[in-house]
>>> print(open('model-v3.cif').read())   # mmCIF, C-alpha atoms and all ligand atoms
data_final
#
loop_
_atom_site.label_atom_id
_atom_site.label_comp_id
_atom_site.auth_asym_id
_atom_site.auth_seq_id
_atom_site.Cartn_x
_atom_site.Cartn_y
_atom_site.Cartn_z
CA MET A 2 23.52 6.13 7.22
CA ASN A 3 21.55 9.09 5.99
CA ASN A 4 18.62 10.10 8.21
CA LYS A 5 17.50 13.18 6.37
CA GLN A 6 13.82 13.45 5.51
CA VAL A 7 13.18 13.35 1.75
CA LEU A 8 10.61 16.05 0.99
CA PHE A 9 9.59 15.82 -2.66
CA ASN A 10 7.22 12.92 -2.27
CA LEU A 11 5.37 14.15 0.83
CA SER A 12 1.70 15.05 0.48
CA PRO A 13 0.87 18.76 0.97
CA SER A 14 -0.32 18.11 4.54
CA GLU A 15 2.73 15.97 5.39
CA LEU A 16 5.00 18.72 4.11
CA GLU A 17 3.13 21.30 6.17
CA GLN A 18 3.46 19.13 9.27
CA PHE A 19 7.17 18.78 8.68
CA ILE A 20 7.66 22.53 8.24
CA VAL A 21 5.63 23.35 11.36
CA GLY A 22 7.55 20.62 13.18
CA ILE A 23 10.83 22.45 12.61
CA GLY A 24 9.32 25.65 13.97
CA GLU A 25 8.51 27.44 10.71
CA PRO A 26 5.27 29.04 9.52
CA LYS A 27 2.89 26.92 7.44
CA PHE A 28 3.02 29.09 4.30
CA ARG A 29 6.63 28.07 3.71
CA ALA A 30 5.39 24.58 2.77
CA LYS A 31 3.68 25.91 -0.36
CA GLN A 32 6.74 27.87 -1.41
CA ILE A 33 8.93 24.82 -0.95
CA ALA A 34 6.51 22.50 -2.78
CA GLU A 35 6.76 24.61 -5.94
CA TRP A 36 10.52 24.18 -6.00
CA LEU A 37 10.26 20.48 -5.23
CA TRP A 38 8.14 19.78 -8.33
CA ARG A 39 10.66 21.57 -10.50
CA GLY A 40 13.20 19.06 -9.17
CA ALA A 41 15.26 21.41 -7.02
CA PRO A 42 18.48 19.56 -6.08
CA ASP A 43 18.79 21.27 -2.67
CA PHE A 44 17.40 24.14 -0.65
CA SER A 45 19.98 26.77 -1.57
CA VAL A 46 18.30 27.26 -4.97
CA MET A 47 14.97 28.19 -3.31
CA LYS A 48 15.50 31.91 -3.69
CA ASN A 49 12.29 33.03 -1.98
CA LEU A 50 13.33 31.38 1.30
CA PRO A 51 15.53 33.19 3.84
CA VAL A 52 19.12 31.91 3.77
CA LYS A 53 18.81 30.85 7.42
CA LEU A 54 15.87 28.59 6.52
CA GLN A 55 17.72 27.20 3.50
CA GLU A 56 20.61 26.25 5.81
CA LYS A 57 18.31 24.76 8.44
CA LEU A 58 16.54 22.65 5.81
CA ASN A 59 19.83 21.48 4.33
CA GLU A 60 20.74 20.14 7.79
CA VAL A 61 17.60 18.08 8.37
CA ALA A 62 16.11 17.31 4.97
CA GLU A 63 16.84 16.69 1.34
CA THR A 64 14.73 17.42 -1.69
CA LEU A 65 15.21 14.16 -3.61
CA PRO A 66 16.43 10.64 -2.76
CA LEU A 67 18.94 10.85 -5.63
CA LYS A 68 21.99 12.98 -6.29
CA ILE A 69 23.83 13.60 -9.53
CA ILE A 70 27.27 12.01 -9.81
CA LYS A 71 27.89 12.75 -13.45
CA LYS A 72 26.02 14.69 -16.09
CA LEU A 73 27.04 14.30 -19.72
CA GLU A 74 25.60 16.34 -22.55
CA SER A 75 25.72 15.23 -26.19
CA SER A 76 27.43 17.56 -28.64
CA ASP A 77 24.08 18.68 -30.08
CA GLU A 78 22.87 19.48 -26.51
CA GLN A 79 19.64 17.55 -27.09
CA THR A 80 20.50 14.53 -24.97
CA VAL A 81 21.67 14.62 -21.36
CA LYS A 82 22.73 11.47 -19.57
CA PHE A 83 22.81 11.38 -15.80
CA LEU A 84 24.63 8.99 -13.55
CA LEU A 85 22.72 9.17 -10.28
CA GLN A 86 23.27 7.75 -6.82
CA THR A 87 20.64 6.89 -4.26
CA THR A 88 21.14 8.85 -1.04
CA GLY A 89 20.03 5.87 1.10
CA THR A 90 22.31 3.27 2.65
CA ASP A 91 23.21 1.24 -0.43
CA ALA A 92 24.37 4.25 -2.51
CA ALA A 93 23.31 2.46 -5.69
CA THR A 94 24.15 4.03 -9.03
CA ILE A 95 21.56 4.33 -11.79
CA GLU A 96 21.29 5.97 -15.18
CA THR A 97 18.67 8.34 -16.54
CA VAL A 98 18.57 10.03 -19.94
CA LEU A 99 16.80 13.26 -20.87
CA MET A 100 15.97 13.65 -24.55
CA ARG A 101 14.80 17.04 -25.79
CA THR A 102 12.87 16.56 -29.00
CA THR A 103 10.60 18.51 -31.30
CA TYR A 104 7.52 16.80 -29.80
CA GLY A 105 8.47 17.38 -26.16
CA ASN A 106 10.89 16.41 -23.43
CA SER A 107 11.23 12.72 -22.83
CA VAL A 108 12.89 10.98 -19.90
CA CYS A 109 14.26 7.45 -20.14
CA VAL A 110 13.84 5.97 -16.66
CA SER A 111 15.67 3.01 -15.11
CA SER A 112 13.49 0.53 -13.24
CA GLN A 113 16.14 -1.57 -11.49
CA VAL A 114 19.72 -1.29 -10.23
CA GLY A 115 21.44 -3.52 -12.76
CA CYS A 116 19.50 -6.20 -14.61
CA ALA A 117 19.06 -9.96 -14.40
CA MET A 118 18.05 -10.55 -18.03
CA ASN A 119 21.57 -10.92 -19.40
CA CYS A 120 20.81 -10.07 -23.03
CA GLY A 121 23.97 -10.89 -24.93
CA PHE A 122 24.61 -7.40 -26.34
CA CYS A 123 23.62 -5.16 -23.42
CA ALA A 124 25.76 -3.58 -20.71
CA SER A 125 23.05 -3.45 -18.03
CA SER A 126 23.47 -7.05 -16.86
CA LEU A 127 27.25 -7.10 -16.73
CA LEU A 128 27.22 -6.64 -12.94
CA GLY A 129 23.97 -8.55 -12.36
CA LEU A 130 20.80 -7.32 -10.64
CA LYS A 131 21.21 -5.49 -7.32
CA ARG A 132 17.63 -4.54 -6.52
CA ASN A 133 14.37 -3.05 -7.74
CA LEU A 134 14.01 0.71 -7.72
CA THR A 135 11.14 2.12 -5.68
CA ALA A 136 8.39 4.20 -7.29
CA THR A 137 9.84 7.21 -5.49
CA GLU A 138 13.28 6.60 -6.99
CA MET A 139 11.78 6.30 -10.47
CA LEU A 140 9.79 9.50 -10.03
CA ALA A 141 12.87 11.30 -8.70
CA GLN A 142 14.69 10.52 -11.98
CA VAL A 143 12.05 12.54 -13.83
CA LEU A 144 12.37 15.35 -11.29
CA ILE A 145 16.15 15.49 -11.77
CA CYS A 146 15.51 16.02 -15.48
CA ASN A 147 12.88 18.65 -14.70
CA TRP A 148 15.51 20.68 -12.88
CA THR A 149 17.80 20.70 -15.91
CA LEU A 150 14.89 21.67 -18.14
CA TYR A 151 13.86 24.45 -15.77
CA SER A 152 17.23 25.85 -14.68
CA VAL A 153 19.39 25.32 -17.79
CA HIS A 154 17.02 25.34 -20.73
CA ASP A 155 14.25 27.51 -19.29
CA SER A 156 11.94 25.05 -20.98
CA ARG A 157 8.70 23.31 -20.17
CA LEU A 158 9.12 20.29 -17.95
CA THR A 159 9.04 16.57 -18.83
CA THR A 160 6.19 15.65 -21.19
CA HIS A 161 6.99 11.99 -21.96
CA VAL A 162 8.31 9.05 -19.98
CA VAL A 163 9.86 5.90 -21.45
CA VAL A 164 10.76 3.11 -19.05
CA MET A 165 13.60 1.92 -21.24
CA GLY A 166 16.61 2.45 -19.02
CA THR A 167 18.43 -0.21 -17.02
CA GLY A 168 16.33 -3.09 -15.71
CA GLU A 169 13.26 -5.09 -16.63
CA PRO A 170 10.22 -3.02 -15.61
CA LEU A 171 7.79 -5.96 -15.71
CA HIS A 172 9.84 -7.66 -13.01
CA ASN A 173 9.12 -4.65 -10.83
CA LEU A 174 5.49 -4.24 -11.75
CA ASP A 175 3.97 -2.96 -8.50
CA ASN A 176 6.53 -0.17 -8.20
CA LEU A 177 6.22 0.52 -11.92
CA LYS A 178 2.46 1.04 -11.67
CA GLU A 179 2.87 3.23 -8.60
CA PHE A 180 5.46 5.31 -10.45
CA LEU A 181 3.38 5.70 -13.62
CA THR A 182 0.36 6.66 -11.52
CA ALA A 183 2.41 9.30 -9.69
CA ALA A 184 3.79 10.64 -12.99
CA HIS A 185 0.22 10.90 -14.24
CA ASP A 186 -1.33 12.37 -11.10
CA LYS A 187 1.50 14.54 -9.80
CA LEU A 188 3.42 15.53 -12.94
CA SER A 189 0.40 15.63 -15.28
CA ILE A 190 2.02 13.32 -17.82
CA GLY A 191 -0.73 11.63 -19.88
CA TRP A 192 -0.93 7.82 -19.97
CA ARG A 193 -0.46 7.88 -23.74
CA ARG A 194 2.79 9.73 -23.27
CA MET A 195 4.30 6.92 -21.24
CA THR A 196 5.95 3.83 -22.70
CA VAL A 197 7.03 0.63 -20.98
CA SER A 198 9.67 -1.46 -22.73
CA THR A 199 10.05 -5.17 -21.95
CA CYS A 200 12.19 -8.04 -23.09
CA GLY A 201 8.95 -10.06 -23.15
CA ILE A 202 7.70 -11.07 -19.70
CA VAL A 203 4.35 -12.57 -20.76
CA PRO A 204 2.55 -12.59 -17.37
CA GLY A 205 3.67 -8.98 -16.85
CA ILE A 206 2.30 -7.91 -20.24
CA ASN A 207 -1.01 -9.56 -19.36
CA GLU A 208 -1.10 -7.86 -15.98
CA LEU A 209 -0.43 -4.53 -17.64
CA ALA A 210 -3.33 -5.24 -20.01
CA ASP A 211 -5.60 -5.92 -17.01
CA TRP A 212 -4.49 -2.64 -15.46
CA ASP A 213 -6.27 -1.04 -18.38
CA LYS A 214 -4.43 2.25 -18.90
CA GLN A 215 -3.45 3.57 -22.31
CA VAL A 216 0.26 3.25 -21.65
CA ASN A 217 2.33 2.31 -24.72
CA LEU A 218 4.07 -1.04 -24.84
CA ALA A 219 7.40 -1.70 -26.54
CA ILE A 220 8.68 -5.23 -27.07
CA SER A 221 12.43 -5.72 -27.35
CA LEU A 222 12.29 -8.42 -29.99
CA HIS A 223 15.72 -8.26 -31.64
CA ALA A 224 15.26 -11.53 -33.55
CA PRO A 225 12.90 -12.94 -36.17
CA ASN A 226 12.97 -16.52 -34.88
CA ASP A 227 13.44 -18.47 -31.65
CA GLU A 228 16.81 -19.86 -32.65
CA ILE A 229 18.43 -16.43 -32.88
CA ARG A 230 16.45 -15.01 -29.95
CA ASP A 231 17.43 -17.94 -27.72
CA ALA A 232 21.06 -17.22 -28.53
CA ILE A 233 20.98 -13.49 -27.75
CA MET A 234 18.20 -13.22 -25.13
CA PRO A 235 18.06 -15.97 -22.46
CA ILE A 236 14.49 -14.93 -21.49
CA ASN A 237 13.29 -16.35 -24.81
CA LYS A 238 13.70 -19.88 -23.46
CA LYS A 239 11.01 -19.08 -20.90
CA TYR A 240 8.76 -16.94 -23.10
CA PRO A 241 9.26 -17.76 -26.79
CA ILE A 242 8.43 -15.33 -29.58
CA LYS A 243 4.93 -16.58 -30.32
CA ASP A 244 3.79 -16.23 -26.70
CA VAL A 245 5.34 -12.78 -26.40
CA MET A 246 3.84 -11.47 -29.63
CA ASP A 247 0.40 -12.92 -28.83
CA ALA A 248 0.42 -11.17 -25.46
CA ALA A 249 1.75 -7.97 -27.05
CA PHE A 250 -0.93 -7.83 -29.76
CA ASN A 251 -3.57 -8.62 -27.21
CA TYR A 252 -2.28 -5.67 -25.15
CA SER A 253 -2.35 -3.43 -28.17
CA ALA A 254 -5.91 -4.46 -29.09
CA LYS A 255 -7.10 -3.85 -25.54
CA SER A 256 -5.33 -0.53 -25.00
CA GLY A 257 -5.94 0.75 -28.52
CA ARG A 258 -2.31 1.81 -28.64
CA GLN A 259 0.17 1.14 -31.40
CA LEU A 260 2.58 -1.66 -30.53
CA MET A 261 6.25 -0.81 -30.70
CA VAL A 262 8.79 -3.44 -31.60
CA GLU A 263 12.41 -2.70 -30.82
CA TYR A 264 14.86 -4.41 -33.11
CA THR A 265 18.54 -3.76 -32.45
CA LEU A 266 20.65 -4.74 -35.45
CA MET A 267 23.86 -6.54 -34.56
CA GLN A 268 26.39 -8.94 -35.92
CA GLY A 269 28.31 -11.47 -33.90
CA ILE A 270 32.04 -11.14 -33.56
CA ARG A 271 33.29 -14.58 -34.47
CA ASP A 272 36.49 -14.59 -32.43
CA LYS A 273 34.38 -13.88 -29.34
CA GLY A 274 32.60 -17.14 -30.03
CA LEU A 275 29.30 -15.59 -31.14
CA GLY A 276 28.85 -16.11 -34.85
CA ILE A 277 25.17 -15.21 -34.71
CA SER A 278 23.65 -12.13 -36.42
CA ASN A 279 20.13 -10.72 -36.79
CA CYS A 280 20.70 -8.12 -39.51
CA LEU A 281 20.73 -9.98 -42.85
CA PRO A 282 18.08 -9.56 -45.57
CA GLU A 283 16.76 -13.04 -44.81
CA HIS A 284 16.14 -11.92 -41.21
CA ALA A 285 14.18 -8.90 -42.43
CA ILE A 286 11.99 -11.17 -44.55
CA GLU A 287 11.47 -13.51 -41.60
CA LEU A 288 10.48 -10.53 -39.46
CA VAL A 289 7.93 -9.47 -42.08
CA ASN A 290 6.49 -12.99 -42.08
CA LEU A 291 6.35 -12.97 -38.31
CA LEU A 292 4.57 -9.62 -37.96
CA LYS A 293 2.28 -9.56 -40.97
CA PRO A 294 -0.18 -12.25 -39.91
CA LEU A 295 -0.52 -10.54 -36.54
CA ILE A 296 -1.59 -7.25 -38.10
CA PRO A 297 -5.35 -7.51 -38.72
CA ASN A 298 -5.67 -4.76 -41.34
CA PRO A 299 -2.40 -3.07 -42.17
CA LEU A 300 -4.08 -0.33 -44.20
CA SER A 301 -6.59 0.93 -41.66
CA LEU A 302 -4.15 2.19 -39.03
CA ILE A 303 -0.55 1.65 -37.99
CA PRO A 304 -0.91 -1.14 -35.45
CA VAL A 305 2.80 -1.87 -35.16
CA MET A 306 5.90 0.26 -35.56
CA VAL A 307 9.33 -1.33 -35.72
CA ASN A 308 12.16 0.75 -34.31
CA ILE A 309 15.35 -0.37 -35.98
CA ILE A 310 18.29 0.49 -33.75
CA PRO A 311 21.86 -0.03 -34.94
CA LEU A 312 23.72 -1.59 -31.99
CA ASN A 313 25.65 0.73 -29.73
CA ALA A 314 28.48 -1.77 -29.28
CA VAL A 315 29.53 -2.67 -25.73
CA ALA A 316 33.21 -3.68 -25.54
CA GLU A 317 32.61 -6.54 -23.07
CA ARG A 318 30.00 -8.12 -25.34
CA GLY A 319 30.48 -10.16 -28.53
CA PHE A 320 28.57 -8.02 -31.04
CA SER A 321 29.29 -5.13 -33.34
CA ALA A 322 26.99 -2.81 -35.31
CA PRO A 323 26.32 -3.68 -38.95
CA SER A 324 27.28 -1.28 -41.75
CA ASN A 325 24.98 1.62 -42.61
CA ASN A 326 24.14 -0.14 -45.85
CA ALA A 327 22.97 -3.21 -43.98
CA VAL A 328 20.79 -1.01 -41.74
CA TYR A 329 19.12 0.74 -44.72
CA ARG A 330 18.66 -2.54 -46.57
CA PHE A 331 16.93 -4.07 -43.53
CA ALA A 332 14.58 -1.09 -43.22
CA ASP A 333 13.83 -1.09 -46.95
CA ILE A 334 12.76 -4.72 -46.88
CA LEU A 335 10.32 -4.04 -44.04
CA LYS A 336 8.89 -0.98 -45.80
CA GLU A 337 8.55 -2.72 -49.17
CA ASN A 338 6.50 -5.36 -47.40
CA GLY A 339 4.16 -2.95 -45.64
CA ILE A 340 5.72 -2.99 -42.19
CA HIS A 341 6.10 0.48 -40.73
CA CYS A 342 9.53 1.17 -39.37
CA ARG A 343 12.01 3.89 -38.62
CA ILE A 344 15.71 3.83 -38.01
CA ARG A 345 16.59 5.05 -34.56
CA ARG A 346 20.19 6.03 -34.11
CA GLU A 347 20.98 5.77 -30.43
CA ARG A 348 20.78 9.35 -29.31
CA GLY A 349 23.89 10.48 -27.51
CA ALA A 350 26.19 7.62 -28.51
CA ASP A 351 28.99 10.10 -27.79
CA ILE A 352 27.94 10.06 -24.14
CA GLN A 353 27.65 6.30 -23.63
CA SER A 354 23.91 6.39 -23.92
CA ALA A 355 23.33 2.66 -24.45
CA CYS A 356 21.73 0.93 -21.49
CA GLY A 357 24.06 0.53 -18.56
CA GLN A 358 27.22 1.75 -20.27
CA LEU A 359 27.84 4.78 -18.10
CA ARG A 360 27.19 2.92 -14.87
CA ILE A 361 29.57 0.15 -15.87
CA SER A 362 32.37 2.50 -16.88
CA ASN A 363 31.91 4.39 -13.61
CA GLN A 364 32.21 1.18 -11.59
CA GLU A 365 35.27 0.18 -13.53
CA LEU A 366 36.82 3.42 -12.41
CA GLY A 367 36.10 2.27 -8.85
CA THR A 368 33.58 4.95 -7.88
CA SER A 369 31.14 2.19 -6.82
N1 LIG B 401 14.42 -4.56 -20.13
C1 LIG B 401 13.69 -3.69 -20.97
C2 LIG B 401 14.12 -2.23 -20.91
C3 LIG B 401 15.59 -1.93 -20.93
S1 LIG B 401 16.49 -2.08 -22.40
C4 LIG B 401 13.73 -4.19 -22.40
O1 LIG B 401 14.39 -5.20 -22.66
O2 LIG B 401 13.03 -3.64 -23.24
C5 LIG B 401 15.91 -0.82 -23.48
C6 LIG B 401 16.17 -1.11 -24.95
O3 LIG B 401 17.53 -0.84 -25.34
C7 LIG B 401 15.92 -2.56 -25.31
O4 LIG B 401 15.27 -2.65 -26.54
C8 LIG B 401 17.34 -3.08 -25.37
O5 LIG B 401 17.38 -4.26 -26.04
C9 LIG B 401 18.07 -1.94 -26.03
N2 LIG B 401 19.52 -1.97 -25.87
C10 LIG B 401 20.21 -2.36 -24.79
N3 LIG B 401 21.53 -2.26 -25.01
C11 LIG B 401 21.68 -1.78 -26.25
C12 LIG B 401 22.82 -1.47 -27.06
N4 LIG B 401 24.05 -1.65 -26.60
N5 LIG B 401 22.60 -1.00 -28.31
C13 LIG B 401 21.34 -0.81 -28.77
N6 LIG B 401 20.23 -1.10 -28.06
C14 LIG B 401 20.40 -1.59 -26.81
#
>>> encode(input="model-v3.cif", output="structure tokens")
Amino acid sequence: MNNKQVLFNLSPSELEQFIVGIGEPKFRAKQIAEWLWRGAPDFSVMKNLPVKLQEKLNEVAETLPLKIIKKLESSDEQTVKFLLQTTGTDAATIETVLMRTTYGNSVCVSSQVGCAMNCGFCASSLLGLKRNLTATEMLAQVLICNWTLYSVHDSRLTTHVVVMGTGEPLHNLDNLKEFLTAAHDKLSIGWRRMTVSTCGIVPGINELADWDKQVNLAISLHAPNDEIRDAIMPINKKYPIKDVMDAAFNYSAKSGRQLMVEYTLMQGIRDKGLGISNCLPEHAIELVNLLKPLIPNPLSLIPVMVNIIPLNAVAERGFSAPSNNAVYRFADILKENGIHCRIRRERGADIQSACGQLRISNQELGTS
């Protein structure tokens, strides 16, 4: 059991109280707070503190409730994937990805330990759902990335947050809202620079709409009809496509934000018993027919953007990625029919960047 006080999430007065409580002068609290918001991993990096104080703090406190177990950098150095472990009793492992882009630094945050959704192509559910992450644990993922940005890249800190890591964020809505609010208030990340991705939890989408912030919504659709979606995403039996898309467009109308649709292209591997695919030209046409009537005036603005993602194949699952030709053909059909789309190669495929892959491979190696 770890009894150390986590400092990064304390209010300024709580931090002061703590510092005075261990017999140190008040002004140290301010010095420490600056390091905490850069995501300092421990106290030994806080160079303006006396070494004696660094050691004392290391005994009784920790900066963050997460520690890095593995850090993998893609060959182009733009994507960093972290395998993190909670410092609390359950020592849960989670994944976070930092993406350095031309428009800013984006962090892909996990919202749960594992996932209960069991989408047929994804690694996150392979070990089931363990628990929800707290708002503090979600915020700490961003801070971990801030430290890499600050100490390695000498760059500005995180500018964008996408809740697209392991887990279903709309099944952890209270903590999600608390986290987004903290990212906004404490890390100065604008609402419009945050995106929540869901497999389509309709009541959650509606609750997010009632919350009335300009956070972006992404729907993981992955199928143009209920038959295919039922086969690859069990949640579709509860919330079928029409209900999900109605709620999503309602959200978009209310928030004024462009709706994002995630569409991972995959083909079933027949000898694994899954003959089903979602990547043929007929599926692209069906997707056009599904989205078009929902777009009120396609010329006036871009109300929906489809992200086409070639599958990052997971060995335990029964799907492979389609050929490049099939990916381009799919995108061309959408474009020819007035649906905005872009092909998103999974960034950092060389570092197991698909949801849940790193965590799973780590557990297979027995690291827990
Ligand atoms: N539960 C949420 C967020 C986590 S998944 C959701 O469903 O949106 C984030 C995105 O990555 C989803 O669109 C998911 O379908 C996609 N994804 C998961 N595994 C993938 C893989 N192996 N290859 C490509 N995309 C994947």
>>> residues_near_ligand(input="model-v3.cif", ligand="ligand LIG 401 (chain B)", cutoff="8 Å", atoms="all atoms listed in the file", output="count of residues only")
40
>>> residues_around(input="model-v3.cif", residues="Ile95 (chain A)", least_positions_apart="3", cutoff="10 Å", atoms="all atoms listed in the file", output="PyMOL selection string")
chain A and resi 67+69-70+83-87+92+110-115+134+138+142+166-168+357+359-361
>>> closest_residue(input="model-v3.cif", among="A:Leu130, A:Asp211, A:Met234, A:Phe28", to="Ala117 (chain A)", atoms="all atoms listed in the file")
A:Leu130
>>> atom_distance(input="model-v3.cif", atom1="CA of Cys342 (chain A)", atom2="CA of Glu317 (chain A)")
29.3 Å
>>> closest_residue(input="model-v3.cif", among="A:Cys280, A:Leu73, A:Leu58, A:Val143", to="Arg39 (chain A)", atoms="all atoms listed in the file")
A:Val143
>>> atom_distance(input="model-v3.cif", atom1="CA of Met100 (chain A)", atom2="CA of Val81 (chain A)")
6.6 Å
>>> closest_residue(input="model-v3.cif", among="A:Met261, A:Ala41, A:Leu291, A:Ile286", to="Ile309 (chain A)", atoms="all atoms listed in the file")
A:Met261
>>> closest_atom_pairs(input="model-v3.cif", of="region 66-117 of chain A", to="region 3-26 of chain A", cutoff="8 Å", atoms="all atoms listed in the file", output="JSON lines")
{"residue": "A:Pro66", "atom": "CA", "partner": "A:Val7", "partner_atom": "CA", "distance": 6.2}
{"residue": "A:Thr88", "atom": "CA", "partner": "A:Asn3", "partner_atom": "CA", "distance": 7.0}
{"residue": "A:Gly89", "atom": "CA", "partner": "A:Asn3", "partner_atom": "CA", "distance": 6.0}
{"residue": "A:Thr90", "atom": "CA", "partner": "A:Asn3", "partner_atom": "CA", "distance": 6.8}
>>> closest_residue(input="model-v3.cif", among="A:Ile202, A:Pro294, A:Asp91, A:Val305", to="Pro235 (chain A)", atoms="only C-alpha atoms")
A:Ile202
>>> atom_distance(input="model-v3.cif", atom1="CA of Cys146 (chain A)", atom2="CA of Ser189 (chain A)")
15.1 Å
>>> residues_around(input="model-v3.cif", residues="region 176-182 of chain A", least_positions_apart="6", cutoff="7 Å", atoms="all atoms listed in the file", output="PyMOL selection string")
chain A and resi 135-137+139-140+170
>>> residues_near_point(input="model-v3.cif", point="(5.5, 6.6, -25.1)", cutoff="10 Å", atoms="only C-alpha atoms", output="JSON, numbers by chain")
{"A": [107, 160, 161, 162, 163, 164, 191, 192, 193, 194, 195, 196, 197, 198, 215, 216, 217, 218, 219, 258, 259, 261]}
>>> axis_aligned_box(input="model-v3.cif", around="region 314-321 of chain A", padding_each_side="4 Å", output="JSON")
{"center_x": 30.8, "center_y": -6.0, "center_z": -28.2, "size_x": 12.7, "size_y": 16.4, "size_z": 18.3}
>>> residues_around(input="model-v3.cif", residues="Gly205 (chain A)", least_positions_apart="2", cutoff="8 Å", atoms="only C-alpha atoms", output="list in words")
Leu171, His172, Leu174, Ile202, Val203, Asn207, Glu208 and Leu209 of chain A
>>> write_last_selection(input="model-v3.cif", atoms="C-alpha atoms", output="compact mmCIF listing (two decimals), in the coordinates of the input")
# COMPACT_ATOMS: atom_id res chain seq x y z
CA LEU A 171 7.79 -5.96 -15.71
CA HIS A 172 9.84 -7.66 -13.01
CA LEU A 174 5.49 -4.24 -11.75
CA ILE A 202 7.70 -11.07 -19.70
CA VAL A 203 4.35 -12.57 -20.76
CA ASN A 207 -1.01 -9.56 -19.36
CA GLU A 208 -1.10 -7.86 -15.98
CA LEU A 209 -0.43 -4.53 -17.64
>>> closest_residue(input="model-v3.cif", among="A:His154, A:Lys336, A:Arg318, A:His185", to="Gly269 (chain A)", atoms="all atoms listed in the file")
A:Arg318
>>> closest_residue(input="model-v3.cif", among="A:Tyr329, A:Tyr252, A:Trp38, A:Trp148", to="Pro304 (chain A)", atoms="all atoms listed in the file")
A:Tyr252
